[in-house]
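Just final.cif here, mmCIF, C-alpha atoms and all ligand atoms:
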```cif
data_final
loop_
_atom_site.group_PDB
_atom_site.id
_atom_site.type_symbol
_atom_site.label_atom_id
_atom_site.label_comp_id
_atom_site.auth_asym_id
_atom_site.auth_seq_id
_atom_site.Cartn_x
_atom_site.Cartn_y
_atom_site.Cartn_z
ATOM 1 C CA MET A 9 12.785 9.476 4.206
ATOM 2 C CA ALA A 10 13.394 8.756 0.560
ATOM 3 C CA GLU A 11 11.817 5.559 -0.726
ATOM 4 C CA GLN A 12 14.069 3.035 -2.412
ATOM 5 C CA ARG A 13 12.639 2.226 -5.802
ATOM 6 C CA SER A 14 14.533 0.075 -8.302
ATOM 7 C CA GLY A 15 17.699 0.763 -6.360
ATOM 8 C CA LYS A 16 17.370 4.561 -6.439
ATOM 9 C CA ALA A 17 16.279 6.935 -3.739
ATOM 10 C CA MET A 18 13.048 8.764 -4.483
ATOM 11 C CA LEU A 19 11.317 11.523 -2.550
ATOM 12 C CA GLU A 20 7.663 11.627 -3.584
ATOM 13 C CA ASP A 21 5.519 14.621 -2.758
ATOM 14 C CA TYR A 22 2.460 12.652 -1.705
ATOM 15 C CA ARG A 23 4.428 10.473 0.751
ATOM 16 C CA LEU A 24 6.041 13.552 2.200
ATOM 17 C CA GLU A 25 2.613 15.129 2.712
ATOM 18 C CA ASP A 26 1.327 12.004 4.364
ATOM 19 C CA TRP A 27 4.229 11.968 6.754
ATOM 20 C CA LEU A 28 3.979 15.660 7.564
ATOM 21 C CA ARG A 29 0.279 15.314 8.185
ATOM 22 C CA CYS A 30 0.833 12.712 10.879
ATOM 23 C CA PRO A 31 4.024 10.670 11.332
ATOM 24 C CA TYR A 32 2.207 8.281 13.640
ATOM 25 C CA ARG A 33 -0.486 7.414 11.131
ATOM 26 C CA TYR A 34 2.102 7.236 8.352
ATOM 27 C CA ALA A 35 4.127 4.695 10.316
ATOM 28 C CA ARG A 36 1.023 2.624 11.052
ATOM 29 C CA LYS A 37 0.178 2.597 7.372
ATOM 30 C CA ARG A 38 3.647 1.328 6.558
ATOM 31 C CA ALA A 39 3.194 -1.366 9.166
ATOM 32 C CA SER A 40 0.100 -2.497 7.214
ATOM 33 C CA ASP A 41 -2.435 -1.365 9.794
ATOM 34 C CA ARG A 42 -5.501 -1.324 7.564
ATOM 35 C CA ARG A 43 -7.324 1.190 9.739
ATOM 36 C CA ALA A 44 -4.619 3.735 8.940
ATOM 37 C CA ASP A 45 -5.438 3.299 5.249
ATOM 38 C CA ARG A 46 -9.072 4.311 5.638
ATOM 39 C CA LEU A 47 -9.736 7.333 3.474
ATOM 40 C CA HIS A 48 -10.205 10.606 5.283
ATOM 41 C CA TRP A 49 -12.898 12.977 3.987
ATOM 42 C CA ARG A 50 -10.139 15.426 3.103
ATOM 43 C CA GLN A 51 -8.701 12.905 0.621
ATOM 44 C CA LEU A 52 -12.131 12.367 -0.917
ATOM 45 C CA ALA A 53 -12.636 16.117 -1.268
ATOM 46 C CA GLN A 54 -9.133 16.507 -2.729
ATOM 47 C CA TYR A 55 -9.925 13.893 -5.358
ATOM 48 C CA ALA A 56 -13.056 15.813 -6.404
ATOM 49 C CA ILE A 57 -11.224 19.163 -6.504
ATOM 50 C CA SER A 58 -8.381 17.817 -8.624
ATOM 51 C CA HIS A 59 -10.667 16.208 -11.176
ATOM 52 C CA THR A 60 -12.917 19.249 -11.330
ATOM 53 C CA VAL A 61 -10.044 21.645 -12.015
ATOM 54 C CA ASN A 62 -8.482 19.294 -14.533
ATOM 55 C CA GLY A 63 -11.811 18.717 -16.284
ATOM 56 C CA PHE A 64 -12.523 22.433 -16.320
ATOM 57 C CA TYR A 65 -9.356 23.259 -18.254
ATOM 58 C CA GLN A 66 -10.091 20.521 -20.768
ATOM 59 C CA LEU A 67 -13.379 22.160 -21.734
ATOM 60 C CA PRO A 68 -13.598 24.633 -24.599
ATOM 61 C CA VAL A 69 -13.475 28.168 -23.261
ATOM 62 C CA GLN A 70 -17.133 28.842 -24.103
ATOM 63 C CA SER A 71 -18.227 25.891 -21.933
ATOM 64 C CA ARG A 72 -16.386 26.998 -18.819
ATOM 65 C CA LYS A 73 -19.385 28.006 -16.746
ATOM 66 C CA ARG A 74 -20.865 27.373 -13.312
ATOM 67 C CA GLU A 75 -22.967 24.529 -14.666
ATOM 68 C CA ALA A 76 -19.828 22.786 -15.895
ATOM 69 C CA ILE A 77 -18.151 23.132 -12.500
ATOM 70 C CA ASN A 78 -21.286 21.749 -10.804
ATOM 71 C CA ARG A 79 -21.378 18.804 -13.164
ATOM 72 C CA LEU A 80 -17.676 18.049 -12.809
ATOM 73 C CA LEU A 81 -17.720 18.263 -9.033
ATOM 74 C CA GLU A 82 -20.912 16.238 -8.653
ATOM 75 C CA GLY A 83 -19.470 13.607 -10.995
ATOM 76 C CA ARG A 84 -16.459 13.092 -8.733
ATOM 77 C CA TRP A 85 -18.114 13.714 -5.394
ATOM 78 C CA THR A 86 -18.018 10.787 -3.004
ATOM 79 C CA ASN A 87 -21.072 9.006 -1.622
ATOM 80 C CA LYS A 88 -19.107 7.964 1.471
ATOM 81 C CA VAL A 89 -21.038 10.149 3.879
ATOM 82 C CA ASP A 90 -19.695 8.092 6.789
ATOM 83 C CA SER A 91 -16.171 9.301 6.119
ATOM 84 C CA PHE A 92 -17.270 12.827 7.046
ATOM 85 C CA GLU A 93 -17.923 14.166 10.504
ATOM 86 C CA SER A 94 -21.665 14.280 9.831
ATOM 87 C CA ALA A 95 -24.170 14.364 6.970
ATOM 88 C CA THR A 96 -24.383 18.115 7.465
ATOM 89 C CA GLN A 97 -20.642 18.531 7.112
ATOM 90 C CA TYR A 98 -20.692 16.329 4.017
ATOM 91 C CA GLU A 99 -23.171 18.714 2.337
ATOM 92 C CA HIS A 100 -21.487 21.824 3.684
ATOM 93 C CA VAL A 101 -18.049 20.854 2.329
ATOM 94 C CA LYS A 102 -19.460 20.173 -1.120
ATOM 95 C CA ALA A 103 -21.447 23.419 -1.234
ATOM 96 C CA LEU A 104 -18.501 25.498 -0.065
ATOM 97 C CA LEU A 105 -16.121 23.875 -2.523
ATOM 98 C CA LYS A 106 -18.463 24.756 -5.371
ATOM 99 C CA VAL A 107 -18.450 28.397 -4.369
ATOM 100 C CA ARG A 108 -14.663 28.447 -4.015
ATOM 101 C CA LEU A 109 -14.217 26.782 -7.398
ATOM 102 C CA TYR A 110 -16.487 29.387 -9.028
ATOM 103 C CA GLN A 111 -14.327 32.107 -7.484
ATOM 104 C CA LEU A 112 -11.069 30.463 -8.454
ATOM 105 C CA LEU A 113 -11.913 29.342 -11.969
ATOM 106 C CA LEU A 114 -14.474 31.925 -13.087
ATOM 107 C CA GLY A 115 -13.511 34.930 -11.013
ATOM 108 C CA ARG A 116 -10.674 37.261 -11.829
ATOM 109 C CA LYS A 117 -9.111 35.685 -14.862
ATOM 110 C CA SER A 118 -6.618 34.275 -12.569
ATOM 111 C CA PHE A 119 -4.656 35.143 -9.527
ATOM 112 C CA ASP A 120 -2.411 38.100 -10.175
ATOM 113 C CA GLY A 121 -2.311 38.314 -13.898
ATOM 114 C CA ILE A 122 -1.981 34.795 -15.240
ATOM 115 C CA ASN A 123 -4.353 34.133 -18.091
ATOM 116 C CA GLY A 124 -4.968 31.194 -20.297
ATOM 117 C CA ASP A 125 -4.675 27.483 -19.857
ATOM 118 C CA PRO A 126 -2.062 25.691 -17.828
ATOM 119 C CA ILE A 127 0.860 24.304 -19.798
ATOM 120 C CA ILE A 128 0.943 21.384 -17.363
ATOM 121 C CA ALA A 129 -2.133 19.956 -15.616
ATOM 122 C CA PHE A 130 -2.056 17.162 -13.065
ATOM 123 C CA GLU A 131 1.060 15.503 -14.379
ATOM 124 C CA ARG A 132 3.756 13.726 -12.461
ATOM 125 C CA PHE A 133 7.395 14.593 -13.116
ATOM 126 C CA GLU A 134 10.654 13.255 -11.747
ATOM 127 C CA THR A 135 14.084 14.789 -11.688
ATOM 128 C CA TYR A 136 17.375 13.749 -10.160
ATOM 129 C CA VAL A 137 18.951 16.272 -7.806
ATOM 130 C CA GLN A 138 22.643 15.617 -7.608
ATOM 131 C CA PRO A 139 23.413 17.478 -4.349
ATOM 132 C CA LEU A 140 20.758 15.372 -2.616
ATOM 133 C CA GLY A 141 21.600 12.118 -4.380
ATOM 134 C CA THR A 142 17.846 11.690 -4.749
ATOM 135 C CA THR A 143 15.174 11.773 -7.375
ATOM 136 C CA LEU A 144 12.291 14.119 -6.604
ATOM 137 C CA SER A 145 8.823 13.177 -7.791
ATOM 138 C CA VAL A 146 6.096 15.823 -7.907
ATOM 139 C CA ILE A 147 2.535 15.850 -9.211
ATOM 140 C CA PHE A 148 2.023 19.327 -10.624
ATOM 141 C CA HIS A 149 -1.591 20.456 -10.370
ATOM 142 C CA SER A 150 -1.314 23.463 -12.676
ATOM 143 C CA VAL A 151 1.674 25.192 -14.182
ATOM 144 C CA PHE A 152 1.082 28.422 -16.068
ATOM 145 C CA GLY A 153 3.669 29.949 -18.338
ATOM 146 C CA GLU A 154 3.926 32.965 -20.574
ATOM 147 C CA ALA A 155 5.140 32.806 -24.159
ATOM 148 C CA ASP A 156 8.079 35.061 -23.357
ATOM 149 C CA GLY A 157 9.247 32.546 -20.756
ATOM 150 C CA ARG A 158 9.353 35.106 -17.975
ATOM 151 C CA GLU A 159 6.512 33.630 -15.957
ATOM 152 C CA LEU A 160 6.400 30.129 -14.554
ATOM 153 C CA VAL A 161 3.614 29.933 -12.022
ATOM 154 C CA ILE A 162 3.101 26.717 -10.099
ATOM 155 C CA ARG A 163 -0.282 26.336 -8.496
ATOM 156 C CA LYS A 164 -1.455 23.703 -6.050
ATOM 157 C CA TYR A 165 -5.054 23.188 -4.902
ATOM 158 C CA THR A 166 -5.668 21.814 -1.426
ATOM 159 C CA VAL A 167 -8.677 21.317 0.816
ATOM 160 C CA ASN A 168 -7.334 23.008 3.946
ATOM 161 C CA ALA A 169 -4.330 25.191 4.620
ATOM 162 C CA ASP A 170 -1.457 23.330 6.282
ATOM 163 C CA ARG A 171 1.605 25.396 7.003
ATOM 164 C CA ASP A 172 4.049 22.478 7.150
ATOM 165 C CA ILE A 173 2.861 20.927 3.925
ATOM 166 C CA SER A 174 2.851 24.239 2.056
ATOM 167 C CA GLU A 175 6.380 24.984 3.236
ATOM 168 C CA ALA A 176 7.597 21.584 2.112
ATOM 169 C CA PHE A 177 5.889 22.062 -1.255
ATOM 170 C CA ARG A 178 7.506 25.452 -1.702
ATOM 171 C CA HIS A 179 10.991 24.051 -1.146
ATOM 172 C CA LEU A 180 10.314 20.946 -3.194
ATOM 173 C CA VAL A 181 9.161 22.805 -6.304
ATOM 174 C CA THR A 182 11.838 25.488 -5.986
ATOM 175 C CA VAL A 183 14.503 22.780 -6.176
ATOM 176 C CA PHE A 184 12.558 20.820 -8.752
ATOM 177 C CA GLY A 185 12.145 23.850 -11.021
ATOM 178 C CA TYR A 186 15.831 24.662 -10.851
ATOM 179 C CA TYR A 187 17.034 21.148 -11.689
ATOM 180 C CA ALA A 188 14.277 20.063 -14.076
ATOM 181 C CA PHE A 189 13.340 23.286 -15.873
ATOM 182 C CA GLY A 190 16.588 25.169 -15.445
ATOM 183 C CA ARG A 191 14.965 27.986 -13.491
ATOM 184 C CA VAL A 192 13.097 28.616 -10.277
ATOM 185 C CA PRO A 193 9.351 29.247 -10.542
ATOM 186 C CA SER A 194 8.490 32.929 -10.718
ATOM 187 C CA ARG A 195 5.618 32.264 -8.331
ATOM 188 C CA ILE A 196 4.371 29.360 -6.235
ATOM 189 C CA GLU A 197 0.756 29.436 -5.064
ATOM 190 C CA VAL A 198 -1.087 27.135 -2.694
ATOM 191 C CA HIS A 199 -4.860 27.618 -2.780
ATOM 192 C CA ALA A 200 -6.679 26.127 0.205
ATOM 193 C CA LEU A 201 -10.234 26.004 -1.059
ATOM 194 C CA LEU A 202 -12.231 25.356 2.096
ATOM 195 C CA ASP A 203 -10.332 28.024 3.987
ATOM 196 C CA GLY A 204 -10.430 30.423 1.057
ATOM 197 C CA THR A 205 -6.746 31.277 1.518
ATOM 198 C CA VAL A 206 -3.842 31.600 -0.905
ATOM 199 C CA GLN A 207 -0.202 31.310 0.087
ATOM 200 C CA CYS A 208 2.195 32.778 -2.410
ATOM 201 C CA TRP A 209 5.990 32.850 -2.761
ATOM 202 C CA GLN A 210 8.293 34.378 -5.337
ATOM 203 C CA PRO A 211 11.580 32.531 -4.964
ATOM 204 C CA ASP A 212 14.786 33.681 -6.613
ATOM 205 C CA ALA A 213 17.933 31.785 -7.532
ATOM 206 C CA ALA A 214 19.363 32.465 -4.074
ATOM 207 C CA ALA A 215 16.468 30.479 -2.584
ATOM 208 C CA VAL A 216 17.647 27.244 -4.185
ATOM 209 C CA CYS A 217 20.462 26.627 -1.690
ATOM 210 C CA ALA A 218 18.155 27.137 1.280
ATOM 211 C CA SER A 219 15.577 24.831 -0.283
ATOM 212 C CA VAL A 220 18.198 22.157 -0.974
ATOM 213 C CA ASP A 221 19.292 22.407 2.663
ATOM 214 C CA TYR A 222 15.701 22.081 3.791
ATOM 215 C CA LEU A 223 15.219 18.930 1.730
ATOM 216 C CA ARG A 224 18.548 17.512 2.867
ATOM 217 C CA LEU A 225 17.494 17.901 6.473
ATOM 218 C CA LEU A 226 14.121 16.377 5.704
ATOM 219 C CA LEU A 227 15.776 13.413 4.017
ATOM 220 C CA SER A 228 17.861 12.788 7.088
ATOM 221 C CA PHE A 229 14.764 11.975 9.121
ATOM 222 C CA GLU A 230 13.463 8.489 9.274
ATOM 223 C CA MET A 231 9.865 8.298 8.154
ATOM 224 C CA ASP A 232 8.926 5.649 10.684
ATOM 225 C CA GLU A 233 8.542 8.094 13.553
ATOM 226 C CA GLY A 234 5.731 6.018 14.911
ATOM 227 C CA GLY A 235 5.673 7.522 18.370
ATOM 228 C CA ILE A 236 5.253 11.071 17.145
ATOM 229 C CA ARG A 237 1.891 12.495 16.367
ATOM 230 C CA LYS A 238 1.046 15.718 14.686
ATOM 231 C CA SER A 239 -0.288 18.300 17.045
ATOM 232 C CA GLY A 240 -2.933 20.943 16.614
ATOM 233 C CA ASP A 241 -4.707 19.489 13.600
ATOM 234 C CA ALA A 242 -8.091 18.749 15.051
ATOM 235 C CA ALA A 243 -9.861 18.446 11.702
ATOM 236 C CA GLU A 244 -7.494 15.661 10.725
ATOM 237 C CA CYS A 245 -7.902 13.868 14.034
ATOM 238 C CA ARG A 246 -11.669 14.068 14.501
ATOM 239 C CA THR A 247 -12.451 11.241 12.085
ATOM 240 C CA CYS A 248 -9.159 9.353 12.364
ATOM 241 C CA PRO A 249 -9.591 5.650 13.179
ATOM 242 C CA LEU A 250 -6.318 5.663 15.165
ATOM 243 C CA ARG A 251 -7.354 8.422 17.489
ATOM 244 C CA GLY A 252 -7.584 6.217 20.574
ATOM 245 C CA ASP A 253 -4.307 4.440 19.813
ATOM 246 C CA CYS A 254 -2.074 7.424 19.293
ATOM 247 C CA LEU A 255 -3.251 9.051 22.492
ATOM 248 C CA ALA A 256 -3.035 5.798 24.429
ATOM 249 C CA GLU A 257 0.605 5.366 23.444
ATOM 250 C CA GLY A 258 1.509 8.644 25.066
ATOM 251 C CA ALA A 259 2.382 10.233 21.758
ATOM 252 C CA ARG A 260 1.087 13.583 22.901
ATOM 253 C CA SER A 261 3.975 13.938 25.339
ATOM 254 C CA SER A 262 6.450 12.958 22.592
ATOM 255 C CA VAL A 263 5.295 15.905 20.543
ATOM 256 C CA GLU A 264 5.576 18.272 23.414
ATOM 257 C CA GLU A 265 9.168 17.149 23.955
ATOM 258 C CA VAL A 266 10.300 17.421 20.349
ATOM 259 C CA SER A 267 8.185 19.975 18.575
ATOM 260 C CA PRO A 268 7.985 22.255 16.873
ATOM 261 C CA THR A 269 10.637 24.827 16.210
ATOM 262 C CA CYS A 270 13.806 22.791 15.786
ATOM 263 C CA MET A 271 13.214 23.073 12.069
ATOM 264 C CA PRO A 272 11.157 25.796 10.433
ATOM 265 C CA GLY A 273 7.924 24.517 9.038
ATOM 266 C CA ILE A 274 8.308 20.942 10.233
ATOM 267 C CA VAL A 275 6.481 19.401 13.136
ATOM 268 C CA MET A 276 8.441 16.407 14.300
HETATM 269 S S1 LIG B 1 -5.809 11.021 15.695
HETATM 270 FE FE1 LIG B 1 -4.558 12.626 14.759
HETATM 271 S S2 LIG B 1 -2.560 12.435 15.758
HETATM 272 FE FE2 LIG B 1 -3.670 10.491 16.108
HETATM 273 S S3 LIG B 1 -3.039 9.149 14.443
HETATM 274 FE FE3 LIG B 1 -4.907 10.178 13.817
HETATM 275 S S4 LIG B 1 -4.233 11.988 12.652
HETATM 276 FE FE4 LIG B 1 -2.489 11.231 13.863
#
```
When written as structure tokens, how does the structure in this file appear?
Amino acid sequence: MAEQRSGKAMLEDYRLEDWLRCPYRYARKRASDRRADRLHWRQLAQYAISHTVNGFYQLPVQSRKREAINRLLEGRWTNKVDSFESATQYEHVKALLKVRLYQLLLGRKSFDGINGDPIIAFERFETYVQPLGTTLSVIFHSVFGEADGRELVIRKYTVNADRDISEAFRHLVTVFGYYAFGRVPSRIEVHALLDGTVQCWQPDAAAVCASVDYLRLLLSFEMDEGGIRKSGDAAECRTCPLRGDCLAEGARSSVEEVSPTCMPGIVM
């Protein structure tokens, strides 16, 4: 699964997400099927969320108001209405995201006691993990830390909740934190804005081994599982340009044969 880059193996979080979301579409993308590259509305919404949150934390504290969130989101909001399921859904997603961003950024000063600005915002980091023989690459959305060094809270913002992707993220950043920062995060949060849900983990040092094992197993899979489609993700499939193809190739039965509990959190 790791990409070879300049002779070294690299596991990148965004490729992993792509693969977990749908191995079939991922494989078609790698085979240069241009339809598989067409942006999904979720990606367009994710782009707007990320820039809005990042822009918000760059503002002086006194400017962090609803109007600023509106302006930031509108400034990054797509005009590709056709990528959405309908014009109504296009408007609905934007309106709901605004409300969720108000709650997240202006509500309780933060989830469970973290105040202040992130110490890392939308930055990509790499670290080599010797037991895996692989470099991990992660884009950190927000990392909050306390001056006393006791808290290291890693927060990710997504459009929808996806159990497989959240699980993979949890293991990835647990291992990353241990090898890059010398400690596991005190808390990992995944905020799914459209769903209004928060998944939260508090790993300890003992979790590192399990997370390394998880990643090792993941790395043993080939990422060209072109005959396997992700099941049960209707929102992802409704506007997918490959919808007819993946069903026509009998991929549905492949999933039923293989999935989903041979590995916790992974749909193969
Ligand atoms: S329709 Fe769904 S299962 Fe089929 S390729 Fe697209 S995302 Fe994958």
Which residues, named as in the file, does the PyMOL selection byres (((chain A and resi 148) around 6) and not hetatm) pick out? Answer as a PyMOL selection string.
chain A and resi 130-131+147+149-150
Can those selected residues be exported to a file as a CSV table (one decimal), in the frame of the given file so that it contains C-alpha atoms?
```
chain,number,residue,atom,x,y,z
A,130,PHE,CA,-2.1,17.2,-13.1
A,131,GLU,CA,1.1,15.5,-14.4
A,147,ILE,CA,2.5,15.8,-9.2
A,149,HIS,CA,-1.6,20.5,-10.4
A,150,SER,CA,-1.3,23.5,-12.7
```
_Since I can't run it myself right now, could you work out what the PyMOL selection byres (((chain A and resi 143) around 8) and not hetatm) selects here and report it as an MDAnalysis selection string?_
chainID A and resid 16:19 134:137 141:142 144:145
Could you give me the centre and size, in Å to one decimal, of an axis-aligned box around all listed atoms of ligand LIG 1 (chain B) with 4 Å added on every side, as lines of an AutoDock Vina configuration file?
```
center_x = -4.1
center_y = 10.9
center_z = 14.4
size_x = 11.3
size_y = 11.5
size_z = 11.5
```
message: Neighbours of ligand LIG 1 (chain B) at 6 Å or closer, counting all atoms listed in the file: which residues, as a count of residues only?
response: 11
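The space between atom CA of Arg171 of chain A and atom CA of Leu202 of chain A spans 14.7 Å.
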Test item: residues at most 10 Å from segment 104-116 of chain A, all atoms listed in the file, excluding those fewer than 4 positions along its chain, as a list in words
Ala53, Ala56, Ile57, Thr60, Val61, Phe64, Tyr65, Arg72, Lys73, Arg74, Glu75, Ile77, Asn78, Leu81, Glu82, Glu99, His100, Asp120, Gly121, Ile122, Asn123, Val167, His199, Ala200, Leu201, Leu202, Asp203 and Gly204 of chain A
Min atom-atom distance to His59 of chain A from the set A:Tyr22, A:Tyr222, A:Trp85, A:Tyr98, counting only C-alpha atoms, belongs to A:Trp85
In terms of all atoms listed in the file, the residue from A:Asp221, A:Asp212, A:Glu20, A:Glu25 at minimal distance from Asp172 of chain A is A:Glu25
Worksheet item: Which value, in Å to one decimal, gives the distance between atom CA of Ala213 of chain A and atom CA of Asn168 of chain A?
Response: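 These atoms are spaced 29.1 Å apart.
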Using the chain letters and numbers from this file, what does the PyMOL selection byres (((chain A and resi 207) around 10) and not hetatm) select? Give the answer as a PyMOL selection string. chain A and resi 163-164+169+171+174-175+178+196-200+205-206+208-209
*Check the smallest atom-to-atom distance from each of A:Pro193, A:Gly252, A:Gly185, A:Pro211 to Phe133 of chain A using only C-alpha atoms, then report the winner.*
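Among the listed residues, A:Gly185 lies closest to Phe133 of chain A.
Taking atom CA of Phe177 of chain A and atom CA of Val151 of chain A as endpoints, the distance between them is 14.0 Å.
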### Message
I'd like to know which of A:Ala215, A:Ala76, A:Leu226, A:Phe189 is closest to Leu28 of chain A, using all atoms listed in the file.
### Response
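When distances to Leu28 of chain A are compared using all atoms listed in the file, the smallest one comes from A:Leu226.
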Subject >> Given only C-alpha atoms as the counted atoms, nearest of A:Ala218, A:Val146, A:Ala243, A:Leu223 to Asp21 of chain A >> reply: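 For Asp21 of chain A, the nearest of the candidates is A:Val146.
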Starting from the incomplete input, reconstruct N, CA and C atoms of segment 55-75 of chain A and write that as a PDB file, keeping the file's coordinate frame.
```pdb
ATOM      1  N   TYR A  55      -9.709  14.630  -4.099  1.00  0.00           N
ATOM      2  CA  TYR A  55      -9.925  13.893  -5.358  1.00  0.00           C
ATOM      3  C   TYR A  55     -10.931  14.657  -6.232  1.00  0.00           C
ATOM      4  N   ALA A  56     -12.024  15.090  -5.641  1.00  0.00           N
ATOM      5  CA  ALA A  56     -13.056  15.813  -6.404  1.00  0.00           C
ATOM      6  C   ALA A  56     -12.533  17.157  -6.911  1.00  0.00           C
ATOM      7  N   ILE A  57     -11.786  17.866  -6.083  1.00  0.00           N
ATOM      8  CA  ILE A  57     -11.224  19.163  -6.504  1.00  0.00           C
ATOM      9  C   ILE A  57     -10.292  18.969  -7.698  1.00  0.00           C
ATOM     10  N   SER A  58      -9.393  18.015  -7.572  1.00  0.00           N
ATOM     11  CA  SER A  58      -8.381  17.817  -8.624  1.00  0.00           C
ATOM     12  C   SER A  58      -9.045  17.480  -9.958  1.00  0.00           C
ATOM     13  N   HIS A  59     -10.014  16.587  -9.924  1.00  0.00           N
ATOM     14  CA  HIS A  59     -10.667  16.208 -11.176  1.00  0.00           C
ATOM     15  C   HIS A  59     -11.525  17.352 -11.733  1.00  0.00           C
ATOM     16  N   THR A  60     -12.100  18.125 -10.858  1.00  0.00           N
ATOM     17  CA  THR A  60     -12.917  19.249 -11.330  1.00  0.00           C
ATOM     18  C   THR A  60     -12.041  20.288 -12.025  1.00  0.00           C
ATOM     19  N   VAL A  61     -10.925  20.634 -11.406  1.00  0.00           N
ATOM     20  CA  VAL A  61     -10.044  21.645 -12.015  1.00  0.00           C
ATOM     21  C   VAL A  61      -9.487  21.120 -13.332  1.00  0.00           C
ATOM     22  N   ASN A  62      -9.048  19.876 -13.314  1.00  0.00           N
ATOM     23  CA  ASN A  62      -8.482  19.294 -14.533  1.00  0.00           C
ATOM     24  C   ASN A  62      -9.535  19.243 -15.646  1.00  0.00           C
ATOM     25  N   GLY A  63     -10.734  18.794 -15.290  1.00  0.00           N
ATOM     26  CA  GLY A  63     -11.811  18.717 -16.284  1.00  0.00           C
ATOM     27  C   GLY A  63     -12.194  20.086 -16.811  1.00  0.00           C
ATOM     28  N   PHE A  64     -12.169  21.072 -15.932  1.00  0.00           N
ATOM     29  CA  PHE A  64     -12.523  22.433 -16.320  1.00  0.00           C
ATOM     30  C   PHE A  64     -11.603  22.936 -17.429  1.00  0.00           C
ATOM     31  N   TYR A  65     -10.298  22.740 -17.264  1.00  0.00           N
ATOM     32  CA  TYR A  65      -9.356  23.259 -18.254  1.00  0.00           C
ATOM     33  C   TYR A  65      -9.356  22.453 -19.546  1.00  0.00           C
ATOM     34  N   GLN A  66      -9.995  21.295 -19.523  1.00  0.00           N
ATOM     35  CA  GLN A  66     -10.091  20.521 -20.768  1.00  0.00           C
ATOM     36  C   GLN A  66     -11.306  20.931 -21.603  1.00  0.00           C
ATOM     37  N   LEU A  67     -12.192  21.720 -20.998  1.00  0.00           N
ATOM     38  CA  LEU A  67     -13.379  22.160 -21.734  1.00  0.00           C
ATOM     39  C   LEU A  67     -13.029  23.303 -22.686  1.00  0.00           C
ATOM     40  N   PRO A  68     -13.779  23.426 -23.791  1.00  0.00           N
ATOM     41  CA  PRO A  68     -13.598  24.633 -24.599  1.00  0.00           C
ATOM     42  C   PRO A  68     -13.966  25.862 -23.771  1.00  0.00           C
ATOM     43  N   VAL A  69     -13.313  26.961 -24.085  1.00  0.00           N
ATOM     44  CA  VAL A  69     -13.475  28.168 -23.261  1.00  0.00           C
ATOM     45  C   VAL A  69     -14.945  28.551 -23.100  1.00  0.00           C
ATOM     46  N   GLN A  70     -15.732  28.406 -24.183  1.00  0.00           N
ATOM     47  CA  GLN A  70     -17.133  28.842 -24.103  1.00  0.00           C
ATOM     48  C   GLN A  70     -17.982  27.960 -23.181  1.00  0.00           C
ATOM     49  N   SER A  71     -17.465  26.794 -22.823  1.00  0.00           N
ATOM     50  CA  SER A  71     -18.227  25.891 -21.933  1.00  0.00           C
ATOM     51  C   SER A  71     -17.828  26.030 -20.472  1.00  0.00           C
ATOM     52  N   ARG A  72     -16.884  26.881 -20.192  1.00  0.00           N
ATOM     53  CA  ARG A  72     -16.386  26.998 -18.819  1.00  0.00           C
ATOM     54  C   ARG A  72     -17.315  27.897 -18.003  1.00  0.00           C
ATOM     55  N   LYS A  73     -18.358  27.261 -17.478  1.00  0.00           N
ATOM     56  CA  LYS A  73     -19.385  28.006 -16.746  1.00  0.00           C
ATOM     57  C   LYS A  73     -19.671  27.308 -15.419  1.00  0.00           C
ATOM     58  N   ARG A  74     -20.496  27.964 -14.604  1.00  0.00           N
ATOM     59  CA  ARG A  74     -20.865  27.373 -13.312  1.00  0.00           C
ATOM     60  C   ARG A  74     -21.449  25.978 -13.468  1.00  0.00           C
ATOM     61  N   GLU A  75     -22.304  25.821 -14.472  1.00  0.00           N
ATOM     62  CA  GLU A  75     -22.967  24.529 -14.666  1.00  0.00           C
ATOM     63  C   GLU A  75     -21.925  23.434 -14.892  1.00  0.00           C
TER      64      GLU A  75
END
```
